[in-house]
$ cat entry_3.tsv   # TSV, C-alpha atoms
chain	number	residue	atom	x	y	z
A	6	MET	CA	-170.30	69.33	239.17
A	7	LEU	CA	-173.45	68.66	237.14
A	8	TYR	CA	-171.28	66.93	234.53
A	9	TRP	CA	-171.48	63.84	236.70
A	10	LEU	CA	-175.16	63.55	235.78
A	11	THR	CA	-173.93	62.07	232.51
A	12	ASN	CA	-173.34	58.86	234.46
A	13	PHE	CA	-177.12	58.41	234.41
A	14	SER	CA	-177.38	58.95	230.65
A	15	ASP	CA	-178.06	56.24	228.14
A	16	GLY	CA	-177.06	58.60	225.31
A	17	GLY	CA	-180.54	59.69	224.32
A	18	ASP	CA	-181.95	61.53	227.35
A	19	VAL	CA	-181.69	64.97	228.91
A	20	PHE	CA	-178.66	63.95	230.99
A	21	ASN	CA	-176.68	63.56	227.77
A	22	LEU	CA	-176.77	67.37	227.36
A	23	PHE	CA	-174.30	67.70	230.19
A	24	ARG	CA	-171.65	65.99	228.07
A	25	TYR	CA	-171.54	68.94	225.68
A	26	ILE	CA	-169.20	71.73	226.61
A	27	THR	CA	-171.22	74.17	224.51
A	28	PHE	CA	-174.36	73.48	226.56
A	29	ARG	CA	-172.49	73.83	229.85
A	30	THR	CA	-170.83	77.04	228.64
A	31	GLY	CA	-174.18	78.66	227.91
A	32	ALA	CA	-175.57	77.41	231.22
A	33	ALA	CA	-172.57	78.84	233.10
A	34	PHE	CA	-173.07	82.22	231.45
A	35	PHE	CA	-176.75	82.47	232.39
A	36	THR	CA	-176.12	81.08	235.88
A	37	ALA	CA	-173.53	83.77	236.58
A	38	LEU	CA	-175.67	86.50	235.01
A	39	ILE	CA	-178.71	85.58	237.12
A	40	PHE	CA	-176.45	85.35	240.19
A	41	GLY	CA	-175.31	88.92	239.54
A	42	PHE	CA	-178.85	90.24	239.13
A	43	LEU	CA	-180.15	88.39	242.21
A	44	PHE	CA	-177.41	89.32	244.63
A	45	GLY	CA	-176.19	92.63	243.20
A	46	ARG	CA	-178.54	95.00	244.98
A	47	PRO	CA	-178.51	93.16	248.36
A	48	LEU	CA	-174.70	93.11	248.27
A	49	ILE	CA	-174.47	96.81	247.45
A	50	ASP	CA	-176.85	97.66	250.29
A	51	LEU	CA	-174.80	95.51	252.67
A	52	LEU	CA	-171.52	97.10	251.59
A	53	ARG	CA	-172.99	100.58	251.96
A	54	ARG	CA	-174.15	99.84	255.51
A	55	LYS	CA	-170.86	98.25	256.55
A	56	GLN	CA	-168.48	100.72	254.88
A	57	GLY	CA	-170.17	103.99	255.70
A	58	LYS	CA	-167.97	106.44	253.80
A	59	GLY	CA	-167.23	103.91	251.06
A	60	GLN	CA	-163.98	103.78	249.10
A	61	PRO	CA	-161.53	106.56	250.01
A	62	ILE	CA	-160.86	108.94	247.10
A	63	ARG	CA	-157.28	109.95	246.25
A	64	GLU	CA	-156.66	113.56	247.25
A	65	ASP	CA	-154.26	114.00	244.32
A	66	GLY	CA	-156.69	112.44	241.83
A	67	PRO	CA	-158.84	114.18	239.22
A	68	GLU	CA	-161.18	116.76	240.77
A	69	GLY	CA	-164.23	115.15	239.22
A	70	HIS	CA	-163.74	112.01	241.31
A	71	PHE	CA	-164.66	113.68	244.60
A	72	VAL	CA	-168.35	113.44	243.68
A	73	LYS	CA	-167.91	109.65	243.93
A	74	ALA	CA	-167.21	109.82	247.65
A	75	GLY	CA	-169.41	107.42	249.55
A	76	THR	CA	-169.59	104.82	246.78
A	77	PRO	CA	-168.98	101.37	248.33
A	78	THR	CA	-166.14	99.16	247.13
A	79	MET	CA	-165.46	95.39	247.21
A	80	GLY	CA	-168.05	94.86	244.47
A	81	GLY	CA	-165.66	92.31	243.03
A	82	VAL	CA	-167.17	89.90	245.54
A	83	LEU	CA	-170.24	89.81	243.29
A	84	ILE	CA	-168.19	88.84	240.23
A	85	LEU	CA	-166.14	86.26	242.13
A	86	GLY	CA	-169.25	84.72	243.66
A	87	ALA	CA	-170.88	84.44	240.25
A	88	VAL	CA	-167.87	82.99	238.44
A	89	VAL	CA	-166.89	80.54	241.19
A	90	PHE	CA	-170.46	79.31	241.69
A	91	SER	CA	-171.14	78.85	237.98
A	92	THR	CA	-167.77	77.16	237.38
A	93	LEU	CA	-168.20	74.71	240.23
A	94	LEU	CA	-171.71	73.96	239.03
A	95	TRP	CA	-171.03	73.44	235.32
A	96	ALA	CA	-167.35	72.62	234.80
A	97	ARG	CA	-165.71	69.23	235.04
A	98	LEU	CA	-164.12	69.21	238.46
A	99	ASP	CA	-161.60	66.52	237.47
A	100	ASN	CA	-159.89	69.06	235.18
A	101	PRO	CA	-156.64	70.46	236.64
A	102	TYR	CA	-156.71	73.67	234.61
A	103	VAL	CA	-160.09	74.61	236.07
A	104	TRP	CA	-158.65	74.33	239.57
A	105	ILE	CA	-155.51	76.24	238.62
A	106	VAL	CA	-157.51	79.21	237.37
A	107	LEU	CA	-159.95	79.05	240.29
A	108	MET	CA	-157.04	78.97	242.77
A	109	VAL	CA	-155.45	82.05	241.21
A	110	THR	CA	-158.78	83.88	241.03
A	111	ILE	CA	-159.73	83.20	244.64
A	112	GLY	CA	-156.18	83.76	245.91
A	113	PHE	CA	-155.75	87.15	244.26
A	114	GLY	CA	-159.32	88.02	245.22
A	115	ALA	CA	-158.40	87.38	248.86
A	116	ILE	CA	-155.36	89.66	248.56
A	117	GLY	CA	-157.55	92.36	247.03
A	118	PHE	CA	-160.23	91.90	249.69
A	119	ALA	CA	-157.65	92.39	252.43
A	120	ASP	CA	-156.41	95.54	250.68
A	121	ASP	CA	-159.93	96.95	250.24
A	122	TYR	CA	-160.80	96.14	253.85
A	123	ALA	CA	-157.70	97.95	255.11
A	124	LYS	CA	-158.62	101.01	253.06
A	125	VAL	CA	-162.24	101.31	254.17
A	126	SER	CA	-161.56	100.40	257.79
A	127	LYS	CA	-158.78	103.00	258.10
A	128	ASN	CA	-160.47	105.45	255.71
A	129	ASN	CA	-157.33	106.06	253.65
A	130	THR	CA	-155.92	104.90	250.33
A	131	ALA	CA	-152.86	103.10	251.75
A	132	GLY	CA	-154.25	99.58	252.14
A	133	VAL	CA	-151.96	96.56	252.39
A	134	PRO	CA	-148.28	97.42	251.69
A	135	GLY	CA	-147.35	96.88	248.06
A	136	ARG	CA	-144.49	94.52	248.87
A	137	VAL	CA	-146.81	92.27	250.86
A	138	ARG	CA	-149.34	92.19	248.03
A	139	LEU	CA	-146.66	91.40	245.46
A	140	GLY	CA	-145.05	88.75	247.66
A	141	LEU	CA	-148.33	86.92	248.25
A	142	GLY	CA	-149.19	87.24	244.58
A	143	PHE	CA	-145.91	85.69	243.51
A	144	VAL	CA	-146.42	82.79	245.92
A	145	ILE	CA	-149.85	82.03	244.44
A	146	ALA	CA	-148.50	82.46	240.90
A	147	ALA	CA	-145.54	80.16	241.61
A	148	ILE	CA	-147.83	77.37	242.78
A	149	ALA	CA	-150.19	77.81	239.83
A	150	SER	CA	-147.35	77.97	237.31
A	151	GLY	CA	-145.69	74.86	238.71
A	152	ILE	CA	-148.93	72.87	238.56
A	153	ALA	CA	-149.65	74.08	235.02
A	154	ALA	CA	-146.15	73.08	233.87
A	155	TRP	CA	-146.65	69.66	235.47
A	156	PHE	CA	-149.86	69.02	233.52
A	157	HIS	CA	-148.72	70.45	230.19
A	158	PRO	CA	-147.90	67.87	227.51
A	159	ALA	CA	-144.28	66.72	227.66
A	160	ASP	CA	-143.37	68.43	224.38
A	161	LEU	CA	-144.72	71.77	225.69
A	162	THR	CA	-143.41	71.69	229.24
A	163	ASN	CA	-141.31	74.80	229.98
A	164	GLN	CA	-141.72	75.91	226.37
A	165	LEU	CA	-142.77	79.39	225.22
A	166	ALA	CA	-145.10	79.27	222.22
A	167	LEU	CA	-145.10	82.14	219.74
A	168	PRO	CA	-148.12	83.53	217.88
A	169	VAL	CA	-147.93	83.55	214.07
A	170	PHE	CA	-144.63	81.60	214.13
A	171	LYS	CA	-146.51	78.53	215.27
A	172	ASP	CA	-143.84	75.93	214.65
A	173	ALA	CA	-141.39	77.81	216.85
A	174	LEU	CA	-140.98	76.95	220.52
A	175	ILE	CA	-138.50	78.57	222.87
A	176	ASN	CA	-137.23	76.23	225.57
A	177	MET	CA	-137.14	78.36	228.71
A	178	GLY	CA	-136.12	75.52	231.02
A	179	PHE	CA	-136.16	76.51	234.68
A	180	LEU	CA	-136.93	80.12	233.67
A	181	PHE	CA	-140.46	79.21	232.59
A	182	ILE	CA	-141.86	79.24	236.13
A	183	PRO	CA	-140.52	82.75	236.93
A	184	PHE	CA	-141.76	83.93	233.52
A	185	ALA	CA	-145.24	82.49	234.13
A	186	MET	CA	-145.27	84.07	237.60
A	187	ILE	CA	-144.55	87.49	236.07
A	188	VAL	CA	-147.34	86.96	233.51
A	189	ILE	CA	-149.92	86.20	236.23
A	190	VAL	CA	-148.82	88.86	238.71
A	191	GLY	CA	-148.29	91.40	235.94
A	192	ALA	CA	-151.77	90.80	234.51
A	193	ALA	CA	-153.34	91.12	237.97
A	194	ASN	CA	-151.66	94.44	238.69
A	195	ALA	CA	-152.20	95.81	235.18
A	196	VAL	CA	-155.95	95.28	235.48
A	197	ASN	CA	-155.81	96.79	238.94
A	198	LEU	CA	-154.23	99.96	237.53
A	199	THR	CA	-156.88	100.13	234.79
A	200	ASP	CA	-159.73	100.08	237.30
A	201	GLY	CA	-159.99	103.83	237.79
A	202	LEU	CA	-163.21	104.90	236.05
A	203	ASP	CA	-166.76	103.60	236.20
A	204	GLY	CA	-167.00	100.56	233.94
A	205	LEU	CA	-163.51	101.03	232.50
A	206	ALA	CA	-161.90	97.76	233.57
A	207	ILE	CA	-164.73	95.23	233.49
A	208	MET	CA	-165.56	95.38	229.77
A	209	PRO	CA	-161.93	95.01	228.57
A	210	VAL	CA	-161.56	92.13	231.03
A	211	MET	CA	-164.61	90.41	229.52
A	212	ILE	CA	-163.31	91.00	225.99
A	213	ALA	CA	-159.85	89.64	226.83
A	214	ALA	CA	-161.37	86.72	228.73
A	215	GLY	CA	-163.72	85.94	225.86
A	216	THR	CA	-160.79	85.86	223.45
A	217	LEU	CA	-158.75	83.62	225.73
A	218	GLY	CA	-161.80	81.41	226.27
A	219	ILE	CA	-162.13	80.82	222.54
A	220	ILE	CA	-158.41	80.09	222.37
A	221	ALA	CA	-158.71	77.67	225.30
A	222	TYR	CA	-161.52	75.83	223.52
A	223	PHE	CA	-159.52	75.61	220.29
A	224	VAL	CA	-156.24	74.43	221.83
A	225	GLY	CA	-158.15	71.84	223.84
A	226	ARG	CA	-159.40	70.14	220.67
A	227	SER	CA	-157.01	68.16	218.52
A	228	ASP	CA	-159.02	68.72	215.34
A	229	PHE	CA	-158.94	72.50	215.73
A	230	THR	CA	-155.26	72.61	216.65
A	231	GLU	CA	-154.38	70.51	213.61
A	232	TYR	CA	-156.37	72.79	211.30
A	233	LEU	CA	-155.08	76.04	212.82
A	234	GLY	CA	-151.53	74.87	213.42
A	235	LEU	CA	-151.76	75.42	217.18
A	236	HIS	CA	-150.16	73.45	219.99
A	237	TYR	CA	-152.58	70.92	221.49
A	238	VAL	CA	-153.09	71.22	225.26
A	239	PRO	CA	-155.63	68.56	226.28
A	240	GLY	CA	-158.20	69.67	228.83
A	241	THR	CA	-157.94	73.43	228.39
A	242	GLY	CA	-161.26	73.57	226.52
A	243	GLU	CA	-163.01	73.29	229.88
A	244	LEU	CA	-161.75	76.79	230.74
A	245	ILE	CA	-164.35	78.29	228.40
A	246	ILE	CA	-166.91	77.47	231.10
A	247	PHE	CA	-164.98	79.56	233.61
A	248	VAL	CA	-164.79	82.35	231.03
A	249	ALA	CA	-168.54	82.15	230.38
A	250	GLY	CA	-169.13	82.53	234.11
A	251	LEU	CA	-166.75	85.49	234.20
A	252	ILE	CA	-168.57	87.22	231.34
A	253	GLY	CA	-171.99	86.54	232.86
A	254	GLY	CA	-170.86	87.75	236.26
A	255	GLY	CA	-169.12	90.72	234.68
A	256	LEU	CA	-172.29	91.80	232.91
A	257	GLY	CA	-174.23	91.44	236.14
A	258	PHE	CA	-171.68	93.67	237.85
A	259	LEU	CA	-171.62	96.18	234.98
A	260	TRP	CA	-175.37	96.66	235.45
A	261	TYR	CA	-174.51	98.35	238.76
A	262	ASN	CA	-171.07	99.69	237.81
A	263	ALA	CA	-172.16	101.61	234.70
A	264	PRO	CA	-171.73	105.39	235.17
A	265	PRO	CA	-172.56	106.61	237.71
A	266	ALA	CA	-171.37	103.52	239.54
A	267	ALA	CA	-173.41	102.22	242.46
A	268	VAL	CA	-170.40	100.12	243.50
A	269	PHE	CA	-166.70	99.76	242.65
A	270	MET	CA	-165.14	96.35	242.09
A	271	GLY	CA	-162.13	97.38	244.14
A	272	ASP	CA	-158.91	95.40	244.34
A	273	THR	CA	-161.05	92.40	245.25
A	274	GLY	CA	-162.26	92.24	241.67
A	275	SER	CA	-159.44	93.77	239.66
A	276	LEU	CA	-156.61	91.66	241.11
A	277	ALA	CA	-158.68	88.48	240.86
A	278	LEU	CA	-159.80	89.06	237.28
A	279	GLY	CA	-156.35	90.07	236.10
A	280	GLY	CA	-154.82	87.04	237.78
A	281	ALA	CA	-157.42	84.84	236.09
A	282	LEU	CA	-156.46	86.20	232.67
A	283	GLY	CA	-152.81	85.45	233.37
A	284	ALA	CA	-153.58	81.93	234.60
A	285	ILE	CA	-155.64	81.12	231.51
A	286	ALA	CA	-152.85	82.40	229.27
A	287	VAL	CA	-150.25	80.27	231.06
A	288	SER	CA	-152.52	77.20	231.00
A	289	THR	CA	-153.15	77.49	227.25
A	290	LYS	CA	-149.53	78.42	226.35
A	291	HIS	CA	-150.68	81.81	224.99
A	292	GLU	CA	-148.80	84.17	227.27
A	293	ILE	CA	-147.69	86.46	224.45
A	294	VAL	CA	-151.19	86.61	222.96
A	295	LEU	CA	-152.37	87.86	226.37
A	296	ALA	CA	-150.11	90.89	225.88
A	297	ILE	CA	-151.96	91.56	222.60
A	298	VAL	CA	-155.56	91.05	223.71
A	299	GLY	CA	-154.78	92.76	227.00
A	300	GLY	CA	-152.87	95.55	225.30
A	301	LEU	CA	-154.97	98.17	227.06
A	302	PHE	CA	-153.84	96.84	230.44
A	303	VAL	CA	-150.26	96.78	229.21
A	304	ALA	CA	-150.52	100.43	228.15
A	305	GLU	CA	-151.98	101.42	231.52
A	306	ALA	CA	-149.17	99.66	233.40
A	307	LEU	CA	-146.47	101.05	231.12
A	308	SER	CA	-147.81	104.59	231.57
A	309	VAL	CA	-147.26	104.27	235.32
A	310	ILE	CA	-143.80	102.75	234.93
A	311	ILE	CA	-142.74	105.45	232.44
A	312	GLN	CA	-144.17	108.24	234.57
A	313	VAL	CA	-142.43	107.10	237.75
A	314	ALA	CA	-139.08	106.36	236.06
A	315	TYR	CA	-139.01	109.63	234.12
A	316	PHE	CA	-140.03	111.70	237.15
A	317	LYS	CA	-137.32	110.15	239.32
A	318	ARG	CA	-134.72	110.86	236.64
A	319	THR	CA	-135.74	114.38	235.57
A	320	GLY	CA	-138.31	115.65	238.07
A	321	LYS	CA	-140.74	116.10	235.16
A	322	ARG	CA	-143.79	114.18	234.02
A	323	VAL	CA	-144.50	112.53	230.67
A	324	PHE	CA	-148.25	112.38	231.30
A	325	LEU	CA	-150.44	114.90	233.06
A	326	MET	CA	-151.33	112.05	235.38
A	327	ALA	CA	-150.89	108.27	235.40
A	328	PRO	CA	-152.36	105.76	234.76
A	329	ILE	CA	-153.02	107.03	231.26
A	330	HIS	CA	-156.82	107.21	231.57
A	331	HIS	CA	-156.30	110.00	234.12
A	332	HIS	CA	-154.11	111.80	231.57
A	333	PHE	CA	-157.07	112.00	229.20
A	334	GLU	CA	-159.29	113.18	232.05
A	335	LYS	CA	-156.84	116.01	232.70
A	336	ARG	CA	-156.99	116.88	229.00
A	337	GLY	CA	-160.73	117.40	229.27
A	338	TRP	CA	-162.14	114.12	227.99
A	339	ALA	CA	-165.42	113.20	229.67
A	340	GLU	CA	-165.37	109.98	231.67
A	341	PRO	CA	-167.86	108.15	229.39
A	342	GLN	CA	-165.75	109.15	226.36
A	343	ILE	CA	-162.66	107.57	227.85
A	344	VAL	CA	-164.49	104.44	228.94
A	345	ILE	CA	-166.21	103.77	225.61
A	346	ARG	CA	-163.13	104.57	223.53
A	347	PHE	CA	-161.03	102.24	225.66
A	348	TRP	CA	-163.70	99.56	225.20
A	349	ILE	CA	-163.40	100.00	221.43
A	350	ILE	CA	-159.62	99.67	221.62
A	351	SER	CA	-160.00	96.49	223.68
A	352	LEU	CA	-162.40	95.00	221.16
A	353	ILE	CA	-159.99	95.72	218.30
A	354	LEU	CA	-157.12	94.12	220.24
A	355	GLY	CA	-159.28	91.09	221.00
A	356	LEU	CA	-159.99	90.62	217.30
A	357	ILE	CA	-156.29	90.94	216.53
A	358	GLY	CA	-155.58	88.28	219.12
A	359	LEU	CA	-158.05	85.93	217.47
A	360	ALA	CA	-156.54	86.68	214.07
A	361	THR	CA	-153.19	85.33	215.26
A	362	LEU	CA	-154.78	81.89	215.47
A	363	LYS	CA	-155.16	81.68	211.70
A	364	ILE	CA	-152.10	83.60	210.50
A	365	ARG	CA	-149.05	81.48	209.73
$ encode --input "entry_3.tsv" --output "structure tokens"
Amino acid sequence: MLYWLTNFSDGGDVFNLFRYITFRTGAAFFTALIFGFLFGRPLIDLLRRKQGKGQPIREDGPEGHFVKAGTPTMGGVLILGAVVFSTLLWARLDNPYVWIVLMVTIGFGAIGFADDYAKVSKNNTAGVPGRVRLGLGFVIAAIASGIAAWFHPADLTNQLALPVFKDALINMGFLFIPFAMIVIVGAANAVNLTDGLDGLAIMPVMIAAGTLGIIAYFVGRSDFTEYLGLHYVPGTGELIIFVAGLIGGGLGFLWYNAPPAAVFMGDTGSLALGGALGAIAVSTKHEIVLAIVGGLFVAEALSVIIQVAYFKRTGKRVFLMAPIHHHFEKRGWAEPQIVIRFWIISLILGLIGLATLKIR
């Protein structure tokens, strides 16, 4: 929104700063961070008063989780408030990709909010039926994917770009929209499955988002795409402002979510943030790179799929408990050990994702 102040600039005054995406990116980060610090404690106090018993704890979960009873959920509202406010304030609002990612973030956040509300109001872990959540998610993803395909350059429309093999494009035709829908919905639910320990999901989300934000900035600049051999997608550079807001808001949330957590992000946060990652990947034509930088989320989701499929077939379990972070809990790893080691893995995967930009 503040970008429009450039209309008052003669090129040599303070208003000219708003032309620079780097300036607005830094401003978005600090805006979201301050938002998190200002509203974090009041929001937690409000959630605690309204929810009473807080987020219901799974009876079949790790024994150590019962001490977390009473911790409020829906803390994702803090992250969403920070990222939406900072994006609307600092991003160019005539950019379609900004609105695509905001729509997915808010839409999946609303689904998660409804799920969290059902859980705390009924004091059980059932929430909104899975089929309803998936159905609504696919509707939002279909709209976002269709709009993204519409605004992609003609030579990239319905094409799947490959990392490393940068000259190769796979024409998916009418299958691109269903593929993009799976990317967005899959990312949302993979992050949701990862959100099971204090601070476990938010840092990998910020690392993956930071990587995708850098990619968005690069593919939105013709000079960088020419040098790196990437496909040029005009306008995607503006998404780095959304990412900066996400990182700032995420750090503000982590201040209160660090072990022992004062609040959980809940499905409100995890579905929204995962959906945002998927939407950025689809917008920038880096869907496969998302699977690399978000490899931790992929592993968490696969562990659940493998566990369920194998148990239905044999009646036995591959993991002591799924998702896989619970497996390590059952093996005796302390919660902070799991969280920090998973953060390290996420950082390594993020660096690998960035390395694909240069490799040919």
$ closest_residue --input "entry_3.tsv" --among "A:Gly57, A:Gly191, A:Gly240, A:Gly255" --to "A:Val210" --atoms "all atoms listed in the file"
A:Gly255
$ closest_residue --input "entry_3.tsv" --among "A:Ala327, A:Leu256, A:Ala266, A:Ile246" --to "A:Leu98" --atoms "only C-alpha atoms"
A:Ile246
$ residues_around --input "entry_3.tsv" --residues "stretch 149-163 of chain A" --least-positions-apart "3" --cutoff "7 Å" --atoms "only C-alpha atoms" --output "PyMOL selection string"
chain A and resi 105+109+145-146+176-178+181-182+185-186+238+288
$ closest_atom_pairs --input "entry_3.tsv" --of "stretch 169-245 of chain A" --to "stretch 339-354 of chain A" --cutoff "10 Å" --atoms "only C-alpha atoms" --output "JSON lines"
{"residue": "A:Gly201", "atom": "CA", "partner": "A:Val344", "partner_atom": "CA", "distance": 9.9}
{"residue": "A:Leu202", "atom": "CA", "partner": "A:Glu340", "partner_atom": "CA", "distance": 7.0}
{"residue": "A:Asp203", "atom": "CA", "partner": "A:Val344", "partner_atom": "CA", "distance": 7.7}
{"residue": "A:Gly204", "atom": "CA", "partner": "A:Val344", "partner_atom": "CA", "distance": 6.8}
{"residue": "A:Leu205", "atom": "CA", "partner": "A:Val344", "partner_atom": "CA", "distance": 5.0}
{"residue": "A:Ala206", "atom": "CA", "partner": "A:Val344", "partner_atom": "CA", "distance": 8.5}
{"residue": "A:Ile207", "atom": "CA", "partner": "A:Trp348", "partner_atom": "CA", "distance": 9.4}
{"residue": "A:Met208", "atom": "CA", "partner": "A:Trp348", "partner_atom": "CA", "distance": 6.5}
{"residue": "A:Pro209", "atom": "CA", "partner": "A:Ser351", "partner_atom": "CA", "distance": 5.5}
{"residue": "A:Val210", "atom": "CA", "partner": "A:Ser351", "partner_atom": "CA", "distance": 8.7}
{"residue": "A:Met211", "atom": "CA", "partner": "A:Ser351", "partner_atom": "CA", "distance": 9.6}
{"residue": "A:Ile212", "atom": "CA", "partner": "A:Leu352", "partner_atom": "CA", "distance": 6.3}
{"residue": "A:Ala213", "atom": "CA", "partner": "A:Ser351", "partner_atom": "CA", "distance": 7.5}
{"residue": "A:Thr216", "atom": "CA", "partner": "A:Leu352", "partner_atom": "CA", "distance": 9.6}
$ atom_distance --input "entry_3.tsv" --atom1 "atom CA of A:Phe333" --atom2 "atom CA of A:Ser308"
12.1 Å
$ atom_distance --input "entry_3.tsv" --atom1 "atom CA of A:Ala221" --atom2 "atom CA of A:Val19"
26.5 Å
$ closest_residue --input "entry_3.tsv" --among "A:Ala263, A:Leu356, A:Leu276, A:Val190" --to "A:Ile219" --atoms "only C-alpha atoms"
A:Leu356
$ closest_atom_pairs --input "entry_3.tsv" --of "stretch 260-300 of chain A" --to "stretch 44-53 of chain A" --cutoff "10 Å" --atoms "only C-alpha atoms" --output "CSV"
residue,atom,partner,partner_atom,distance
A:Trp260,CA,A:Gly45,CA,8.8
A:Tyr261,CA,A:Gly45,CA,7.4
A:Ala267,CA,A:Ile49,CA,7.4
A:Val268,CA,A:Ile49,CA,6.6
A:Phe269,CA,A:Ile49,CA,9.6
$ closest_residue --input "entry_3.tsv" --among "A:Ala96, A:Ala123, A:Ile297, A:Leu38" --to "A:Leu7" --atoms "only C-alpha atoms"
A:Ala96
$ closest_residue --input "entry_3.tsv" --among "A:Thr30, A:Asn194, A:Thr199, A:Thr230" --to "A:Gly280" --atoms "all atoms listed in the file"
A:Asn194
$ atom_distance --input "entry_3.tsv" --atom1 "atom CA of A:Gly250" --atom2 "atom CA of A:Leu107"
11.6 Å
$ closest_residue --input "entry_3.tsv" --among "A:Val133, A:Ala314, A:Leu278, A:Val287" --to "A:Gln164" --atoms "all atoms listed in the file"
A:Val287
$ residues_near_point --input "entry_3.tsv" --point "(-169.4, 80.2, 226.9)" --cutoff "9 Å" --atoms "only C-alpha atoms" --output "ChimeraX atom specification"
/A:26-34,215,218-219,245-250,252
$ write_last_selection --input "entry_3.tsv" --atoms "C-alpha atoms" --output "compact mmCIF listing (two decimals), keeping the file's coordinate frame"
# COMPACT_ATOMS: atom_id res chain seq x y z
CA ILE A 26 -169.20 71.73 226.61
CA THR A 27 -171.22 74.17 224.51
CA PHE A 28 -174.36 73.48 226.56
CA ARG A 29 -172.49 73.83 229.85
CA THR A 30 -170.83 77.04 228.64
CA GLY A 31 -174.18 78.66 227.91
CA ALA A 32 -175.57 77.41 231.22
CA ALA A 33 -172.57 78.84 233.10
CA PHE A 34 -173.07 82.22 231.45
CA GLY A 215 -163.72 85.94 225.86
CA GLY A 218 -161.80 81.41 226.27
CA ILE A 219 -162.13 80.82 222.54
CA ILE A 245 -164.35 78.29 228.40
CA ILE A 246 -166.91 77.47 231.10
CA PHE A 247 -164.98 79.56 233.61
CA VAL A 248 -164.79 82.35 231.03
CA ALA A 249 -168.54 82.15 230.38
CA GLY A 250 -169.13 82.53 234.11
CA ILE A 252 -168.57 87.22 231.34
$ residues_around --input "entry_3.tsv" --residues "stretch 112-114 of chain A" --least-positions-apart "4" --cutoff "10 Å" --atoms "all atoms listed in the file" --output "PyMOL selection string"
chain A and resi 79+81-82+85+106-108+118-120+138+141-146+189-190+193+271-281
$ residues_around --input "entry_3.tsv" --residues "A:Val323" --least-positions-apart "4" --cutoff "8 Å" --atoms "all atoms listed in the file" --output "PyMOL selection string"
chain A and resi 311-312+315-316
$ decode --input "entry_3.tsv" --residues "stretch 201-214 of chain A" --atoms "N, CA and C atoms" --output "PDB file, in the first residue's frame"
ATOM      1  N   GLY A 201       3.895 -30.781  15.739  1.00  0.00           N
ATOM      2  CA  GLY A 201       3.545 -31.646  16.861  1.00  0.00           C
ATOM      3  C   GLY A 201       4.391 -31.436  18.098  1.00  0.00           C
ATOM      4  N   LEU A 202       5.434 -30.617  17.991  1.00  0.00           N
ATOM      5  CA  LEU A 202       6.303 -30.317  19.127  1.00  0.00           C
ATOM      6  C   LEU A 202       6.508 -28.809  19.203  1.00  0.00           C
ATOM      7  N   ASP A 203       6.842 -28.323  20.376  1.00  0.00           N
ATOM      8  CA  ASP A 203       7.017 -26.887  20.573  1.00  0.00           C
ATOM      9  C   ASP A 203       8.124 -26.357  19.676  1.00  0.00           C
ATOM     10  N   GLY A 204       7.777 -25.457  18.775  1.00  0.00           N
ATOM     11  CA  GLY A 204       8.754 -24.827  17.899  1.00  0.00           C
ATOM     12  C   GLY A 204       9.191 -25.667  16.721  1.00  0.00           C
ATOM     13  N   LEU A 205       8.645 -26.865  16.567  1.00  0.00           N
ATOM     14  CA  LEU A 205       9.145 -27.767  15.517  1.00  0.00           C
ATOM     15  C   LEU A 205       8.807 -27.277  14.120  1.00  0.00           C
ATOM     16  N   ALA A 206       7.586 -26.815  13.901  1.00  0.00           N
ATOM     17  CA  ALA A 206       7.155 -26.481  12.538  1.00  0.00           C
ATOM     18  C   ALA A 206       7.567 -25.084  12.101  1.00  0.00           C
ATOM     19  N   ILE A 207       7.551 -24.124  13.006  1.00  0.00           N
ATOM     20  CA  ILE A 207       7.684 -22.729  12.587  1.00  0.00           C
ATOM     21  C   ILE A 207       9.065 -22.416  12.005  1.00  0.00           C
ATOM     22  N   MET A 208      10.132 -22.946  12.585  1.00  0.00           N
ATOM     23  CA  MET A 208      11.456 -22.639  12.047  1.00  0.00           C
ATOM     24  C   MET A 208      11.677 -23.253  10.657  1.00  0.00           C
ATOM     25  N   PRO A 209      11.348 -24.535  10.431  1.00  0.00           N
ATOM     26  CA  PRO A 209      11.456 -25.065   9.069  1.00  0.00           C
ATOM     27  C   PRO A 209      10.586 -24.319   8.064  1.00  0.00           C
ATOM     28  N   VAL A 210       9.417 -23.845   8.498  1.00  0.00           N
ATOM     29  CA  VAL A 210       8.578 -23.039   7.608  1.00  0.00           C
ATOM     30  C   VAL A 210       9.303 -21.758   7.219  1.00  0.00           C
ATOM     31  N   MET A 211       9.927 -21.091   8.195  1.00  0.00           N
ATOM     32  CA  MET A 211      10.644 -19.850   7.903  1.00  0.00           C
ATOM     33  C   MET A 211      11.842 -20.102   6.992  1.00  0.00           C
ATOM     34  N   ILE A 212      12.533 -21.229   7.208  1.00  0.00           N
ATOM     35  CA  ILE A 212      13.677 -21.555   6.358  1.00  0.00           C
ATOM     36  C   ILE A 212      13.217 -21.828   4.925  1.00  0.00           C
ATOM     37  N   ALA A 213      12.172 -22.637   4.771  1.00  0.00           N
ATOM     38  CA  ALA A 213      11.647 -22.939   3.442  1.00  0.00           C
ATOM     39  C   ALA A 213      11.109 -21.678   2.776  1.00  0.00           C
ATOM     40  N   ALA A 214      10.402 -20.847   3.548  1.00  0.00           N
ATOM     41  CA  ALA A 214       9.858 -19.611   2.994  1.00  0.00           C
ATOM     42  C   ALA A 214      10.977 -18.665   2.577  1.00  0.00           C
TER      43      ALA A 214
END
